[in-house]
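J.: This is the structure I want to talk about, given as structure tokens.
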Amino acid sequence: MTDVPGSDRARRRAVPAAKPSRVRMSATQRREQLISIARQIFAERGFDATSIEEIAARAKVSKPVVYEHFGGKEGLYAVVVDREVRSLLDRITTALTAGHPRELLEQAALTLLTYIEEETSGFRVLVRESPLMSATGNFSSVMNDVAHQVEHILGAEFHSRGYDPKLAELYSQALVGMVALTGRWWLEVRKPRKEAVAAHLVNLAWNGLSHLESKPGPISG
């Protein structure tokens with residue numbers, strides 16, 4: 001049947017379908033979106049090379065929206081870093097459940113490597129030092145907090161073996177620094193598996209070079 005020009009049927013066909021309206025985000029949803037996008041860009045480019053323009057463009061909003069939520073790039077960066085710091089510290093604190101010091105060291109090492117594996121962007125943000133961050137908001141400060149936890153573990157072990165407990169702080173900084181630097185290396189190569197990396201780190205830390213086991217394996221789990 002041929003449509004007659006001007007008929008109701010012809011007019012219905014001529015009217016284009018209405019486009020679905022875009023769902024408007026709540027303020028909380030928009031804030032979370034901006035944090036997520038900024039986290040990714042800061043990880044890719046670092047603080048200095050990241051611009052509010054790019055963050056706004058990826059979020060499909062205007063620059064004033066970003067300023068409204070965070071006051072500027074510095075405020076947004078501080079929120080991203082603070083979240084990563086709390087996330088990593090919470091993971092490590094929760095993981096330290098074993099009774100034997102060697103197992104505790106392995107748990108700490110494995111937890112850091114798991115964080116690197118699962119939250120790669122967050123880890124990249126933390127290890128990129130920014131001139132804007134204070135002494136309490138960078139990767140060094142996070143590792144220092146972890147070292148204080150390890151210090152308590154080593155202090156008790158030193159005391160039981162007749163070593164000077166005052167040296168526990170020195171050794172804890174050395175151990176955590178070793179794990180952190182190895183983690184940055186492993187971030188790029190991803191070999192061997194994280195369980196093997198943790199086992200070798202603890203092997204070196206626990207046995208020392210003069211008593212290294214030839215094929216260390218995981219202790220727990």
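Scheme for the structure tokens: letters A, B, ... for chains in order shown; per-chain residue numbers from 1; ligand numbers from 1 in order shown.
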Find the spatial neighbours of Val66 (chain A), counting only C-alpha atoms, within a cut-off of 9 Å - ignore same-chain residues fewer than 2 positions away - and output them as a PDB file with N, CA, C and O atoms, in the first residue's frame.
T.:
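Wrote result-v9.pdb, looks like this:
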```
ATOM      1  N   ARG A  31      31.638  12.933  41.376  1.00  0.00           N
ATOM      2  CA  ARG A  31      32.896  13.015  42.111  1.00  0.00           C
ATOM      3  C   ARG A  31      33.693  11.724  41.968  1.00  0.00           C
ATOM      4  O   ARG A  31      34.899  11.743  41.695  1.00  0.00           O
ATOM      5  N   LEU A  34      35.169  11.433  38.456  1.00  0.00           N
ATOM      6  CA  LEU A  34      36.331  12.293  38.263  1.00  0.00           C
ATOM      7  C   LEU A  34      37.569  11.725  38.963  1.00  0.00           C
ATOM      8  O   LEU A  34      38.679  11.779  38.421  1.00  0.00           O
ATOM      9  N   ILE A  52      43.718  19.739  33.919  1.00  0.00           N
ATOM     10  CA  ILE A  52      42.283  19.729  34.225  1.00  0.00           C
ATOM     11  C   ILE A  52      41.482  19.579  32.937  1.00  0.00           C
ATOM     12  O   ILE A  52      40.431  18.927  32.913  1.00  0.00           O
ATOM     13  N   ILE A  55      41.225  15.880  32.048  1.00  0.00           N
ATOM     14  CA  ILE A  55      40.338  15.184  32.987  1.00  0.00           C
ATOM     15  C   ILE A  55      38.884  15.507  32.663  1.00  0.00           C
ATOM     16  O   ILE A  55      38.025  14.615  32.591  1.00  0.00           O
ATOM     17  N   ALA A  56      38.597  16.782  32.441  1.00  0.00           N
ATOM     18  CA  ALA A  56      37.232  17.207  32.122  1.00  0.00           C
ATOM     19  C   ALA A  56      36.773  16.610  30.793  1.00  0.00           C
ATOM     20  O   ALA A  56      35.619  16.171  30.663  1.00  0.00           O
ATOM     21  N   VAL A  61      32.700  16.647  30.835  1.00  0.00           N
ATOM     22  CA  VAL A  61      32.149  17.762  31.606  1.00  0.00           C
ATOM     23  C   VAL A  61      32.995  18.998  31.319  1.00  0.00           C
ATOM     24  O   VAL A  61      34.052  18.916  30.695  1.00  0.00           O
ATOM     25  N   SER A  62      32.544  20.134  31.817  1.00  0.00           N
ATOM     26  CA  SER A  62      33.322  21.363  31.663  1.00  0.00           C
ATOM     27  C   SER A  62      34.337  21.469  32.798  1.00  0.00           C
ATOM     28  O   SER A  62      34.178  20.837  33.853  1.00  0.00           O
ATOM     29  N   LYS A  63      35.361  22.262  32.601  1.00  0.00           N
ATOM     30  CA  LYS A  63      36.385  22.444  33.638  1.00  0.00           C
ATOM     31  C   LYS A  63      35.810  22.958  34.957  1.00  0.00           C
ATOM     32  O   LYS A  63      36.247  22.504  36.027  1.00  0.00           O
ATOM     33  N   PRO A  64      34.847  23.893  34.922  1.00  0.00           N
ATOM     34  CA  PRO A  64      34.297  24.372  36.202  1.00  0.00           C
ATOM     35  C   PRO A  64      33.716  23.264  37.077  1.00  0.00           C
ATOM     36  O   PRO A  64      33.692  23.394  38.301  1.00  0.00           O
ATOM     37  N   GLU A  68      34.674  22.769  40.869  1.00  0.00           N
ATOM     38  CA  GLU A  68      33.612  22.794  41.870  1.00  0.00           C
ATOM     39  C   GLU A  68      33.782  21.668  42.893  1.00  0.00           C
ATOM     40  O   GLU A  68      33.544  21.858  44.082  1.00  0.00           O
ATOM     41  N   HIS A  69      34.212  20.505  42.432  1.00  0.00           N
ATOM     42  CA  HIS A  69      34.345  19.341  43.319  1.00  0.00           C
ATOM     43  C   HIS A  69      35.658  19.330  44.100  1.00  0.00           C
ATOM     44  O   HIS A  69      35.681  18.893  45.258  1.00  0.00           O
ATOM     45  N   PHE A  70      36.743  19.799  43.480  1.00  0.00           N
ATOM     46  CA  PHE A  70      38.061  19.614  44.102  1.00  0.00           C
ATOM     47  C   PHE A  70      38.888  20.887  44.258  1.00  0.00           C
ATOM     48  O   PHE A  70      39.966  20.843  44.859  1.00  0.00           O
ATOM     49  N   GLY A  71      38.425  21.988  43.699  1.00  0.00           N
ATOM     50  CA  GLY A  71      39.155  23.236  43.827  1.00  0.00           C
ATOM     51  C   GLY A  71      40.305  23.394  42.865  1.00  0.00           C
ATOM     52  O   GLY A  71      40.862  24.472  42.718  1.00  0.00           O
ATOM     53  N   GLY A  72      40.699  22.329  42.181  1.00  0.00           N
ATOM     54  CA  GLY A  72      41.802  22.393  41.240  1.00  0.00           C
ATOM     55  C   GLY A  72      42.513  21.056  41.148  1.00  0.00           C
ATOM     56  O   GLY A  72      42.138  20.068  41.794  1.00  0.00           O
ATOM     57  N   LYS A  73      43.565  21.019  40.346  1.00  0.00           N
ATOM     58  CA  LYS A  73      44.307  19.778  40.127  1.00  0.00           C
ATOM     59  C   LYS A  73      44.967  19.279  41.406  1.00  0.00           C
ATOM     60  O   LYS A  73      45.001  18.080  41.680  1.00  0.00           O
ATOM     61  N   LEU A  76      42.413  17.513  43.651  1.00  0.00           N
ATOM     62  CA  LEU A  76      42.030  16.218  43.092  1.00  0.00           C
ATOM     63  C   LEU A  76      43.149  15.195  43.272  1.00  0.00           C
ATOM     64  O   LEU A  76      42.908  14.037  43.649  1.00  0.00           O
TER      65      LEU A  76
END
```
J.: Considering only C-alpha atoms, can you say which of A:Gln173, A:Asn207, A:Thr97, A:Thr114 comes closest to Met143 (chain A)?
T.: A:Gln173
J.: As number ranges by chain, please: the residues near His200 (chain A) (cut-off 9 Å, only C-alpha atoms, same-chain neighbours under 5 positions excluded).
T.: A: 195, 205, 213, 215-218
J.: To one decimal place, how far is CA of Gln149 (chain A) from CA of Gly122 (chain A) in Å?
T.: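 Those two atoms sit 21.8 Å apart.
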J.: Would you give me, as a PyMOL selection string, the residues in region 13-213 of chain A that DSSP reads as alpha helix (DSSP H)?
T.: chain A and resi 13-14+27-45+52-59+63-70+73-95+101-118+120-127+139-161+168-189+194-207
